[in-house]
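Shown next: query-v5.cif, containing mmCIF, C-alpha atoms.
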data_final
#
loop_
_atom_site.label_atom_id
_atom_site.label_comp_id
_atom_site.auth_asym_id
_atom_site.auth_seq_id
_atom_site.Cartn_x
_atom_site.Cartn_y
_atom_site.Cartn_z
CA MET A 1 19.52 2.47 -25.68
CA LYS A 2 20.49 2.25 -29.35
CA LYS A 3 19.52 -1.20 -30.57
CA LYS A 4 21.90 -1.22 -33.54
CA GLU A 5 24.77 -0.45 -31.19
CA LEU A 6 23.70 -3.28 -28.87
CA LEU A 7 23.50 -5.81 -31.68
CA ALA A 8 27.07 -4.94 -32.67
CA LEU A 9 28.27 -6.07 -29.23
CA THR A 10 29.29 -9.65 -28.49
CA PRO A 11 27.22 -11.42 -25.81
CA PRO A 12 29.07 -13.90 -23.57
CA GLU A 13 29.01 -17.46 -24.91
CA MET A 14 28.56 -20.81 -23.21
CA GLY A 15 31.84 -22.58 -22.52
CA THR A 16 32.73 -26.28 -22.36
CA HIS A 17 32.91 -26.26 -18.56
CA LEU A 18 29.31 -25.12 -18.15
CA ARG A 19 28.06 -27.57 -20.75
CA GLU A 20 29.64 -30.36 -18.75
CA ILE A 21 27.89 -29.13 -15.58
CA ALA A 22 24.56 -29.05 -17.43
CA ARG A 23 25.02 -32.59 -18.82
CA LYS A 24 25.60 -33.97 -15.33
CA ASP A 25 22.59 -32.08 -13.94
CA GLU A 26 19.89 -34.70 -14.55
CA PRO A 27 16.31 -33.40 -14.06
CA GLN A 28 14.59 -34.63 -10.91
CA ARG A 29 10.89 -34.91 -10.13
CA VAL A 30 9.66 -32.24 -7.70
CA SER A 31 7.58 -34.86 -5.85
CA GLN A 32 5.98 -38.23 -6.41
CA TRP A 33 2.59 -36.56 -6.75
CA VAL A 34 3.37 -34.34 -9.75
CA SER A 35 5.18 -34.84 -13.05
CA THR A 36 6.97 -31.48 -12.90
CA LYS A 37 10.77 -31.77 -12.93
CA LYS A 38 13.52 -29.47 -11.79
CA TYR A 39 17.24 -28.94 -12.33
CA GLN A 40 19.83 -27.85 -9.85
CA TYR A 41 20.47 -25.03 -12.32
CA GLY A 42 17.55 -24.15 -14.59
CA ARG A 43 19.25 -21.00 -15.88
CA TYR A 44 22.89 -20.26 -16.63
CA LEU A 45 23.81 -16.57 -16.50
CA LEU A 46 26.98 -15.36 -18.18
CA ALA A 47 28.02 -11.72 -17.90
CA LYS A 48 30.45 -9.30 -19.50
CA GLU A 49 30.90 -5.53 -19.67
CA GLU A 50 31.43 -3.86 -23.04
CA ASN A 51 31.22 -0.20 -24.10
CA GLY A 52 29.69 0.73 -20.74
CA TYR A 53 26.95 -1.90 -20.95
CA LEU A 54 26.46 -4.95 -18.76
CA ILE A 55 25.53 -7.82 -21.07
CA VAL A 56 23.97 -10.95 -19.55
CA SER A 57 23.36 -14.06 -21.65
CA VAL A 58 20.68 -16.33 -20.22
CA PHE A 59 20.85 -20.00 -21.22
CA LEU A 60 18.16 -22.52 -20.28
CA ALA A 61 19.22 -25.91 -18.91
CA GLU A 62 17.35 -27.93 -21.53
CA HIS A 63 18.94 -25.90 -24.33
CA VAL A 64 22.45 -26.31 -22.94
CA ARG A 65 21.94 -30.08 -22.59
CA ALA A 66 20.83 -30.13 -26.24
CA GLU A 67 24.09 -28.40 -27.31
CA ALA A 68 22.36 -25.11 -28.19
CA ARG A 69 24.80 -22.41 -29.28
CA TYR A 70 22.75 -19.34 -28.48
CA PRO A 71 21.15 -18.07 -25.25
CA ALA A 72 17.40 -17.80 -24.88
CA TYR A 73 17.75 -14.13 -23.95
CA VAL A 74 20.43 -11.46 -23.96
CA VAL A 75 19.74 -8.75 -21.39
CA TYR A 76 21.46 -5.37 -21.74
CA PHE A 77 21.85 -3.03 -18.75
CA ASP A 78 22.92 0.61 -18.89
CA ARG A 79 23.41 1.88 -15.35
CA LYS A 80 24.37 5.38 -16.45
CA ALA A 81 21.23 5.83 -18.58
CA ASP A 82 19.12 3.89 -16.04
CA GLU A 83 17.79 1.55 -18.72
CA PHE A 84 17.57 -2.11 -19.69
CA ILE A 85 16.28 -4.09 -22.65
CA THR A 86 16.16 -7.77 -23.66
CA TRP A 87 16.86 -9.46 -27.01
CA GLU A 88 14.82 -12.62 -27.54
CA THR A 89 17.00 -14.76 -29.76
CA ASP A 90 14.49 -17.27 -31.13
CA THR A 91 12.06 -14.56 -32.35
CA GLY A 92 14.61 -11.85 -33.07
CA LYS A 93 12.51 -9.32 -31.14
CA TRP A 94 13.27 -6.75 -28.47
CA ARG A 95 11.40 -7.00 -25.18
CA ASN A 96 11.02 -4.42 -22.44
CA SER A 97 9.77 -6.94 -19.86
CA MET A 98 11.63 -7.46 -16.62
CA LEU A 99 13.26 -10.83 -15.99
CA ASP A 100 10.35 -12.18 -13.94
CA HIS A 101 7.93 -11.38 -16.79
CA LEU A 102 9.82 -13.19 -19.54
CA ASP A 103 8.70 -16.62 -20.75
CA TRP A 104 10.26 -19.37 -18.66
CA PRO A 105 9.68 -23.13 -18.74
CA GLU A 106 7.76 -24.68 -15.85
CA TYR A 107 10.86 -26.26 -14.32
CA MET A 108 12.26 -22.81 -13.52
CA TYR A 109 9.83 -22.47 -10.58
CA ASP A 110 11.85 -25.04 -8.63
CA SER A 111 15.29 -24.74 -10.22
CA GLY A 112 18.20 -22.52 -9.27
CA ASN A 113 20.45 -20.16 -11.24
CA TYR A 114 24.09 -20.74 -12.06
CA VAL A 115 26.47 -17.78 -12.01
CA SER A 116 30.22 -18.17 -11.77
CA ARG A 117 32.08 -16.34 -9.04
CA GLU A 118 33.80 -14.10 -11.61
CA ASP A 119 30.53 -13.16 -13.30
CA ALA A 120 28.86 -12.56 -9.93
CA GLU A 121 31.63 -10.15 -8.97
CA LEU A 122 31.30 -8.41 -12.33
CA ILE A 123 27.54 -7.99 -11.96
CA GLN A 124 27.80 -6.83 -8.36
CA GLY A 125 30.51 -4.32 -9.25
CA TYR A 126 28.54 -2.92 -12.18
CA LEU A 127 25.28 -2.60 -10.25
CA GLY A 128 26.90 -1.69 -6.94
CA VAL A 129 25.20 -4.47 -4.96
CA GLN A 130 26.33 -7.38 -2.81
CA SER A 131 23.61 -10.03 -2.65
CA GLU A 132 22.13 -12.80 -4.85
CA THR A 133 23.03 -12.09 -8.45
CA TYR A 134 19.79 -12.98 -10.27
CA GLU A 135 17.80 -11.05 -7.66
CA ASP A 136 20.19 -8.11 -8.07
CA LEU A 137 19.49 -8.00 -11.79
CA LEU A 138 15.76 -8.19 -11.20
CA GLN A 139 15.84 -5.55 -8.45
CA PHE A 140 17.78 -3.18 -10.71
CA GLN A 141 15.07 -3.59 -13.34
CA ARG A 142 12.34 -2.99 -10.79
CA ASP A 143 14.07 0.16 -9.55
CA VAL A 144 14.48 1.43 -13.11
CA ARG A 145 10.81 0.78 -13.85
CA MET A 146 9.71 2.49 -10.64
CA ARG A 147 11.83 5.57 -11.31
CA SER A 148 10.42 5.74 -14.83
CA LEU A 149 6.84 5.52 -13.59
CA LEU A 150 7.45 8.13 -10.91
CA ALA A 151 8.95 10.50 -13.47
CA ARG A 152 6.04 9.91 -15.85
CA ASP A 153 3.46 10.74 -13.16
CA LYS A 154 5.46 13.49 -11.45
CA LYS A 155 3.60 16.37 -13.07
CA LYS A 156 0.29 14.88 -11.91
CA THR A 157 1.40 13.98 -8.39
CA ASP A 158 3.13 17.34 -7.90
CA ALA A 159 -0.15 19.10 -8.71
CA TRP A 160 -1.99 16.92 -6.19
CA ASP A 161 0.63 17.61 -3.52
CA GLU A 162 0.45 21.35 -4.17
CA ALA A 163 -3.34 21.29 -3.72
CA MET A 164 -3.03 19.28 -0.50
CA ARG A 165 -0.60 21.83 0.94
CA LEU A 166 -3.55 24.24 1.09
CA VAL A 167 -5.34 22.07 3.66
CA PRO A 168 -4.81 23.43 7.20
CA ALA A 169 -3.97 21.41 10.29
CA LEU A 170 -6.71 19.76 12.32
CA PRO A 171 -8.22 21.77 15.20
CA LYS A 172 -6.41 21.22 18.48
CA ASP A 173 -9.59 19.87 20.08
CA TRP A 174 -10.41 17.54 17.16
CA LYS A 175 -10.28 14.33 19.22
CA THR A 176 -12.37 15.91 21.97
CA TRP A 177 -14.97 16.92 19.40
CA ILE A 178 -15.03 13.38 18.00
CA LEU A 179 -15.56 11.97 21.47
CA LYS A 180 -18.35 14.42 22.31
CA LYS A 181 -20.14 14.71 18.96
CA ALA A 182 -19.20 11.97 16.48
CA ILE A 183 -19.04 8.87 18.70
CA ARG A 184 -22.62 7.85 19.43
CA GLU A 185 -22.07 4.77 21.59
CA HIS A 186 -20.98 5.58 25.14
CA TYR A 187 -20.85 3.79 28.48
CA ILE A 188 -20.97 4.28 32.19
CA PHE A 189 -18.53 1.96 33.92
CA TYR A 190 -19.29 0.96 37.49
CA GLN A 191 -17.69 -1.23 40.13
CA TYR A 192 -20.01 -4.00 41.27
CA GLN A 193 -21.07 -3.87 44.91
CA ARG A 194 -23.83 -5.39 46.97
CA GLY A 195 -26.98 -3.35 47.01
CA GLY A 196 -26.06 -1.79 43.69
CA ALA A 197 -23.38 0.69 42.67
CA THR A 198 -24.18 4.36 43.31
CA GLU A 199 -21.62 5.97 41.03
CA GLY A 200 -19.86 5.29 37.75
CA TYR A 201 -17.65 6.87 35.09
CA CYS A 202 -19.24 8.26 31.92
CA THR A 203 -17.08 8.02 28.79
CA HIS A 204 -18.98 10.90 27.15
CA CYS A 205 -18.53 13.64 29.75
CA GLY A 206 -15.46 12.09 31.37
CA GLN A 207 -16.88 12.53 34.85
CA THR A 208 -17.87 10.35 37.78
CA VAL A 209 -21.66 10.52 37.97
CA ARG A 210 -24.36 9.21 40.26
CA ILE A 211 -26.21 6.07 39.14
CA ARG A 212 -28.93 3.87 40.57
CA ASN A 213 -29.25 0.07 40.42
CA PRO A 214 -27.21 -0.44 37.22
CA ARG A 215 -27.39 -3.73 35.32
CA TYR A 216 -24.76 -4.94 32.91
CA ASN A 217 -25.50 -3.77 29.31
CA GLN A 218 -28.65 -1.97 30.47
CA GLN A 219 -29.38 1.20 28.50
CA SER A 220 -29.86 4.47 30.36
CA VAL A 221 -28.99 8.18 30.26
CA CYS A 222 -26.12 9.95 32.01
CA SER A 223 -27.49 12.07 34.86
CA ARG A 224 -24.88 14.75 34.20
CA CYS A 225 -24.60 15.19 30.41
CA GLY A 226 -27.81 13.53 29.21
CA GLN A 227 -25.97 11.19 26.79
CA LYS A 228 -27.56 7.84 26.07
CA ILE A 229 -25.28 5.21 27.58
CA ARG A 230 -24.98 1.51 28.30
CA PHE A 231 -23.87 0.28 31.72
CA LYS A 232 -20.67 -1.76 31.85
CA SER A 233 -19.29 -3.54 34.90
CA VAL A 234 -15.55 -2.93 35.28
CA ASP A 235 -14.99 -6.58 36.22
CA LYS A 236 -17.01 -8.10 33.37
CA SER A 237 -16.09 -5.75 30.55
CA GLY A 238 -13.20 -6.61 28.24
CA TYR A 239 -11.68 -4.73 25.30
CA ILE A 240 -14.30 -2.62 23.52
CA TRP A 241 -14.21 -1.48 19.89
CA ILE A 242 -16.89 1.09 19.02
CA PRO A 243 -18.22 0.77 15.43
CA LYS A 244 -16.91 3.37 12.98
CA GLU A 245 -18.84 6.57 12.37
CA THR A 246 -18.55 9.16 9.58
CA ALA A 247 -17.50 12.71 10.49
CA TYR A 248 -16.88 15.84 8.41
CA LEU A 249 -14.69 18.87 8.91
CA PHE A 250 -15.24 22.07 6.90
CA GLN A 251 -12.30 24.52 6.90
CA ARG A 252 -11.06 27.65 5.16
CA CYS A 253 -7.81 27.05 3.29
CA ARG A 254 -7.23 30.60 2.07
CA PRO A 255 -9.48 33.41 0.76
CA GLY A 256 -11.84 31.88 -1.77
CA ILE A 257 -10.84 28.27 -1.08
CA VAL A 258 -12.53 25.91 1.40
CA VAL A 259 -12.18 22.17 2.00
CA LEU A 260 -14.65 19.56 3.16
CA ARG A 261 -12.85 16.63 4.80
CA ARG A 262 -14.42 13.24 5.40
CA PHE A 263 -13.24 10.97 8.22
CA GLU A 264 -13.98 7.56 9.61
CA VAL A 265 -13.83 7.81 13.40
CA TRP A 266 -14.08 5.23 16.16
CA MET A 267 -13.25 4.65 19.80
CA THR A 268 -11.58 1.79 21.68
CA ILE A 269 -11.50 1.15 25.40
CA GLY A 270 -8.94 -1.19 26.91
CA LYS A 271 -9.90 -3.61 29.64
CA GLY A 272 -9.71 -1.76 32.96
CA ASP A 273 -8.73 1.48 31.18
CA PHE A 274 -12.21 2.97 30.87
CA GLN A 275 -11.07 6.44 32.02
CA ASN A 276 -8.73 6.66 29.04
CA PRO A 277 -10.76 5.88 25.89
CA GLN A 278 -8.70 6.02 22.71
CA ILE A 279 -10.01 8.09 19.80
CA HIS A 280 -9.02 6.97 16.29
CA TYR A 281 -9.67 8.58 12.92
CA ASP A 282 -8.81 8.00 9.26
CA GLU A 283 -9.20 10.79 6.74
CA ILE A 284 -10.36 9.27 3.49
CA LYS A 285 -11.62 12.09 1.27
CA ARG A 286 -11.18 15.81 0.65
CA CYS A 287 -13.21 18.16 -1.53
CA LEU A 288 -11.79 21.61 -2.33
CA TYR A 289 -14.12 24.38 -3.50
CA ASP A 290 -13.27 27.75 -4.99
CA GLU A 291 -15.32 30.98 -4.90
CA LYS A 292 -17.42 29.68 -7.82
CA PHE A 293 -18.06 26.44 -5.89
CA GLN A 294 -16.12 24.43 -8.45
CA GLU A 295 -15.13 21.14 -6.88
CA ALA A 296 -11.85 19.20 -6.88
CA VAL A 297 -12.09 15.80 -5.19
CA TYR A 298 -9.21 13.80 -3.68
CA HIS A 299 -9.18 10.46 -1.94
CA PHE A 300 -6.56 8.70 0.17
CA GLY A 301 -5.40 5.41 -1.30
CA ASP A 302 -2.65 3.32 -2.87
CA PHE A 303 -1.58 5.04 -6.08
CA LYS A 304 -0.63 2.36 -8.62
CA ARG A 305 0.64 0.11 -5.80
CA ARG A 306 3.38 2.59 -4.93
CA GLY A 307 2.19 3.51 -1.46
CA LEU A 308 -0.55 5.47 0.24
CA ARG A 309 -1.04 9.11 -0.72
CA TRP A 310 -3.68 11.68 -1.69
CA ILE A 311 -4.96 10.97 -5.20
CA GLY A 312 -6.94 13.24 -7.46
CA GLY A 313 -10.46 12.01 -8.18
CA ASP A 314 -13.16 10.11 -6.32
CA SER A 315 -12.52 6.47 -5.48
CA ASP A 316 -16.26 5.89 -6.00
CA CYS A 317 -16.74 6.56 -9.72
CA ARG A 318 -20.53 6.50 -9.42
CA ARG A 319 -20.61 9.81 -7.55
CA ASN A 320 -18.25 12.73 -7.81
CA SER A 321 -19.96 15.78 -6.38
CA PHE A 322 -20.77 17.64 -3.19
CA TYR A 323 -24.28 16.13 -3.36
CA TYR A 324 -22.70 12.70 -2.87
CA TYR A 325 -22.02 13.46 0.79
CA TYR A 326 -25.65 14.22 1.52
CA ASN A 327 -27.21 11.56 -0.66
CA TYR A 328 -25.10 8.55 0.26
CA TYR A 329 -24.57 9.39 3.94
CA PRO A 330 -27.04 10.67 6.57
CA ALA A 331 -27.28 14.44 6.60
CA PRO A 332 -25.52 16.14 9.53
CA LYS A 333 -27.90 17.14 12.30
CA GLU A 334 -25.54 19.35 14.26
CA ALA A 335 -22.89 21.90 13.35
CA CYS A 336 -20.19 23.13 15.71
CA ILE A 337 -18.05 26.20 15.07
CA GLN A 338 -14.42 25.65 16.12
CA GLY A 339 -12.48 28.87 15.64
CA ARG A 340 -12.66 29.47 11.91
CA SER A 341 -13.71 25.94 11.03
CA LEU A 342 -17.13 24.36 10.81
CA THR A 343 -17.25 20.75 11.91
CA TRP A 344 -20.04 18.33 11.07
CA SER A 345 -20.69 14.83 12.29
CA ALA A 346 -23.11 12.48 10.59
CA GLY A 347 -25.93 10.89 12.56
CA ASN A 348 -25.71 12.85 15.85
#

Spit out the file's structure as structure tokens when you get a sec.
Amino acid sequence: MKKKELLALTPPEMGTHLREIARKDEPQRVSQWVSTKKYQYGRYLLAKEENGYLIVSVFLAEHVRAEARYPAYVVYFDRKADEFITWETDTGKWRNSMLDHLDWPEYMYDSGNYVSREDAELIQGYLGVQSETYEDLLQFQRDVRMRSLLARDKKKTDAWDEAMRLVPALPKDWKTWILKKAIREHYIFYQYQRGGATEGYCTHCGQTVRIRNPRYNQQSVCSRCGQKIRFKSVDKSGYIWIPKETAYLFQRCRPGIVVLRRFEVWMTIGKGDFQNPQIHYDEIKRCLYDEKFQEAVYHFGDFKRRGLRWIGGDSDCRRNSFYYYYNYYPAPKEACIQGRSLTWSAGN
């Protein structure tokens, strides 16, 4: 936006009718406990369209009541160029801040905004919206700022996305592997009966197995698969959440490129649904390596508060290497080949 061109335009001015409304709008105390006051209308917004720009003059209630001639701010919107800018009249400076980041008196936190019906229709027509006018102006600014930030970071995020497209899909038996290898805490569920239950269901091997004199929460070993387990009575046991474990998946992406993927995995068992344990996993980090073992690290997180995505770099700035996986976390004890992928789980 050309500032000289904007200054040559004529912002809308405060009329006699609005001054009369402001004079009758006596400030009221917010509550008996605080000295803060409020107006029915803390801001008066006047709008006009000129030379393709939407021009909004913003008058403060206290200034209008004091017969001020000029607005506190003049905000210029250019929908075609997807831009906005604000002229601060008392300092004579341009500001790029959005409306909610400008300097407002304390009473604005509890006061409303005045916009005439004609000006509201003008603003809504220019912006192509149909809701509260002040919020429309602010939302337009937020959208402009977001599009600008996305465009600025597009080269970076496109490169990240291109690298992530190399990562293959998870193995078809990934959840089964987690259940068998990564989840360390398992149970045998039994139905209480006099004389002691003789069989129960093992969550590790998924089979009904023979048991002898089980006691609730007693530790034992599954007679079929050899997994360490804890006995759970079907009647006593409620919803179970197994603590999270760390698991790794090592895959080939393409010739010369491999990826090490780090997951947090856990299991839940609903009350009475012990034969259908639910496996959950969150992938939180990826490390890509080329034929020279050069590393590129990515983590899953909220990029600049714009939503979750894969982000280049390690979220833990203290460590940024392959060694980090073996130093900070227990070294894998068991490796399992799944097709062309090598899967590791920590702590098995």

At most 12 Å from (-16.7, 11.1, 21.3), file frame, only C-alpha atoms: which residues, as an NGL selection string? :A and (173-187 or 202-206 or 227 or 242-245 or 247 or 265-269 or 276-281 or 345 or 348)

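For Met98 in chain A, the residues within 10 Å (counting all atoms listed in the file, excluding itself and residues fewer than 2 positions away along the chain) are Val75, Phe84, Ile85, Thr86, Arg95, Asn96, Asp100, His101, Leu102, Leu137, Leu138, Gln139, Phe140, Gln141, Arg142, Val144 and Arg145 of chain A.
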
Could you please determine the separation between CA of Ala47 in chain A and CA of Arg23 in chain A in Å, to one decimal place?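 So the answer is 21.1 Å.
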
To verify the selection step, state as a ChimeraX atom specification which residues the PyMOL selection byres ((chain A and resi 55-65) around 7) yields on this input. /A:11-12,19,22-23,41-49,53-54,66-68,71-77

Which residues fall under the PyMOL selection byres ((chain A and resi 313) around 8) in this file, as a list in words?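 With the PyMOL selection byres ((chain A and resi 313) around 8) on this model, the match is Ala296, Val297, Tyr298, His299, Ile311, Gly312, Asp314, Ser315 and Asn320 of chain A.
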
Give me a file of those residues, with C-alpha atoms, as a CSV table (one decimal), in the frame of the given file.
chain,number,residue,atom,x,y,z
A,296,ALA,CA,-11.8,19.2,-6.9
A,297,VAL,CA,-12.1,15.8,-5.2
A,298,TYR,CA,-9.2,13.8,-3.7
A,299,HIS,CA,-9.2,10.5,-1.9
A,311,ILE,CA,-5.0,11.0,-5.2
A,312,GLY,CA,-6.9,13.2,-7.5
A,314,ASP,CA,-13.2,10.1,-6.3
A,315,SER,CA,-12.5,6.5,-5.5
A,320,ASN,CA,-18.2,12.7,-7.8

Near-Gly270 in chain A list (7 Å; all atoms listed in the file; drop same-chain fewer than 3 positions) as a list in words: Tyr239, Ile240, Asp273 and Phe274 of chain A

For Trp87 in chain A, which of A:Leu308, A:Ile257, A:Leu170, A:Leu99 is the closest residue, counting only C-alpha atoms? A:Leu99

Taking (-12.4, 25.4, -5.4) in the file's coordinates, which residues come within 12 Å, counting only C-alpha atoms, written as a VMD selection string? chain A and resid 163 166 to 167 252 to 260 286 to 297 322

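Within 8 Å of Phe300 in chain A, once all atoms listed in the file are used and residues closer than 3 positions along the same chain are dropped, the contacting residues are Glu283, Ile284, Lys285, Leu308, Arg309, Trp310 and Ile311 of chain A.
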
Could you write out as a PyMOL selection string the residues that the PyMOL selection byres ((chain A and resi 188) around 7) matches in the shown file? chain A and resi 187+189-190+200-203+229-232

Write out the residues from the selection above, keeping C-alpha atoms, as a JSON list (two decimals), in the coordinates of the input.
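Output saved as again.json:
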[["chain", "number", "residue", "atom", "x", "y", "z"],
["A", 187, "TYR", "CA", -20.85, 3.79, 28.48],
["A", 189, "PHE", "CA", -18.53, 1.96, 33.92],
["A", 190, "TYR", "CA", -19.29, 0.96, 37.49],
["A", 200, "GLY", "CA", -19.86, 5.29, 37.75],
["A", 201, "TYR", "CA", -17.65, 6.87, 35.09],
["A", 202, "CYS", "CA", -19.24, 8.26, 31.92],
["A", 203, "THR", "CA", -17.08, 8.02, 28.79],
["A", 229, "ILE", "CA", -25.28, 5.21, 27.58],
["A", 230, "ARG", "CA", -24.98, 1.51, 28.30],
["A", 231, "PHE", "CA", -23.87, 0.28, 31.72],
["A", 232, "LYS", "CA", -20.67, -1.76, 31.85]]

re CA of Glu118 in chain A and CA of Lys3 in chain A: distance 27.0 Å

Using only C-alpha atoms, can you tell me which of A:Arg165, A:Thr10, A:Arg306, A:Thr91 comes closest to Leu149 in chain A?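 Among the listed residues, A:Arg306 lies closest to Leu149 in chain A.
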
Return the single residue from A:Arg224, A:Val115, A:Asp282, A:Thr198 that is closest to Arg212 in chain A, with distances computed using all atoms listed in the file.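 The closest residue to Arg212 in chain A is A:Thr198.
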
Have a look at A:Gly272, A:Asp153, A:Ser220, A:Glu264 and name the one nearest to Lys304 in chain A; count only C-alpha atoms. A:Asp153

Set the distance at 7 Å and use all atoms listed in the file: which residues neighbour Glu199 in chain A once local chain neighbours fewer than 4 positions away are removed? I'd like the list as an mmCIF file with C-alpha atoms, in the coordinates of the input.
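As a result, around_12.cif now contains:
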data_model
loop_
_atom_site.group_PDB
_atom_site.id
_atom_site.type_symbol
_atom_site.label_atom_id
_atom_site.label_comp_id
_atom_site.auth_asym_id
_atom_site.auth_seq_id
_atom_site.Cartn_x
_atom_site.Cartn_y
_atom_site.Cartn_z
ATOM 1 C CA TYR A 190 -19.290 0.960 37.490
ATOM 2 C CA THR A 208 -17.870 10.350 37.780
ATOM 3 C CA VAL A 209 -21.660 10.520 37.970
ATOM 4 C CA ARG A 210 -24.360 9.210 40.260
ATOM 5 C CA ILE A 211 -26.210 6.070 39.140
#

I need the residue nearest Tyr248 in chain A from this list: A:Arg261, A:Lys155, A:Lys236, A:Lys4. Use all atoms listed in the file for the distance. A:Arg261

Students should find that CA of Gln28 in chain A and CA of Gln40 in chain A are spaced 8.6 Å

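Using only C-alpha atoms, the smallest distance between any of A:Asp161, A:Glu13, A:Glu5, A:Asp143 and Arg69 in chain A comes from A:Glu13.
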
What would range 262-268 of chain A look like with all heavy atoms in place, written as a CSV table (one decimal), in the frame of the given file?
chain,number,residue,atom,x,y,z
A,262,ARG,N,-13.6,14.4,4.9
A,262,ARG,CA,-14.4,13.2,5.4
A,262,ARG,C,-13.5,12.3,6.2
A,262,ARG,O,-12.4,11.9,5.7
A,262,ARG,CB,-15.1,12.5,4.3
A,262,ARG,CG,-15.9,11.3,4.7
A,262,ARG,CD,-16.4,10.5,3.5
A,262,ARG,NE,-16.7,9.2,3.9
A,262,ARG,CZ,-16.9,8.2,3.0
A,262,ARG,NH1,-16.9,8.5,1.7
A,262,ARG,NH2,-17.2,7.0,3.4
A,263,PHE,N,-14.0,11.9,7.3
A,263,PHE,CA,-13.2,11.0,8.2
A,263,PHE,C,-14.1,9.7,8.6
A,263,PHE,O,-15.3,9.8,8.7
A,263,PHE,CB,-12.8,11.7,9.5
A,263,PHE,CG,-11.9,12.9,9.4
A,263,PHE,CD1,-12.4,14.1,9.0
A,263,PHE,CD2,-10.6,12.7,9.6
A,263,PHE,CE1,-11.6,15.2,8.8
A,263,PHE,CE2,-9.7,13.8,9.4
A,263,PHE,CZ,-10.3,15.1,9.1
A,264,GLU,N,-13.4,8.7,8.9
A,264,GLU,CA,-14.0,7.6,9.6
A,264,GLU,C,-13.4,7.6,11.0
A,264,GLU,O,-12.2,7.7,11.2
A,264,GLU,CB,-13.6,6.2,9.0
A,264,GLU,CG,-14.4,5.9,7.7
A,264,GLU,CD,-14.1,4.6,7.1
A,264,GLU,OE1,-13.1,4.0,7.5
A,264,GLU,OE2,-14.9,4.1,6.3
A,265,VAL,N,-14.3,7.6,12.0
A,265,VAL,CA,-13.8,7.8,13.4
A,265,VAL,C,-14.4,6.7,14.2
A,265,VAL,O,-15.5,6.1,14.0
A,265,VAL,CB,-14.3,9.2,14.0
A,265,VAL,CG1,-13.7,10.3,13.2
A,265,VAL,CG2,-15.8,9.3,14.0
A,266,TRP,N,-13.6,6.3,15.3
A,266,TRP,CA,-14.1,5.2,16.2
A,266,TRP,C,-13.3,5.3,17.5
A,266,TRP,O,-12.4,6.1,17.6
A,266,TRP,CB,-13.9,3.8,15.5
A,266,TRP,CG,-12.5,3.4,15.3
A,266,TRP,CD1,-11.8,2.5,16.1
A,266,TRP,CD2,-11.7,3.7,14.2
A,266,TRP,NE1,-10.6,2.2,15.6
A,266,TRP,CE2,-10.4,3.0,14.4
A,266,TRP,CE3,-11.8,4.5,13.1
A,266,TRP,CZ2,-9.4,3.1,13.6
A,266,TRP,CZ3,-10.7,4.6,12.3
A,266,TRP,CH2,-9.5,3.9,12.5
A,267,MET,N,-13.8,4.6,18.5
A,267,MET,CA,-13.2,4.6,19.8
A,267,MET,C,-13.0,3.2,20.3
A,267,MET,O,-13.7,2.3,20.0
A,267,MET,CB,-14.2,5.4,20.8
A,267,MET,CG,-13.7,5.4,22.2
A,267,MET,SD,-14.9,6.4,23.3
A,267,MET,CE,-16.3,5.3,23.4
A,268,THR,N,-11.9,3.1,21.0
A,268,THR,CA,-11.6,1.8,21.7
A,268,THR,C,-11.3,2.0,23.2
A,268,THR,O,-10.9,3.1,23.6
A,268,THR,CB,-10.3,1.1,21.1
A,268,THR,OG1,-9.2,2.0,21.2
A,268,THR,CG2,-10.6,0.8,19.6
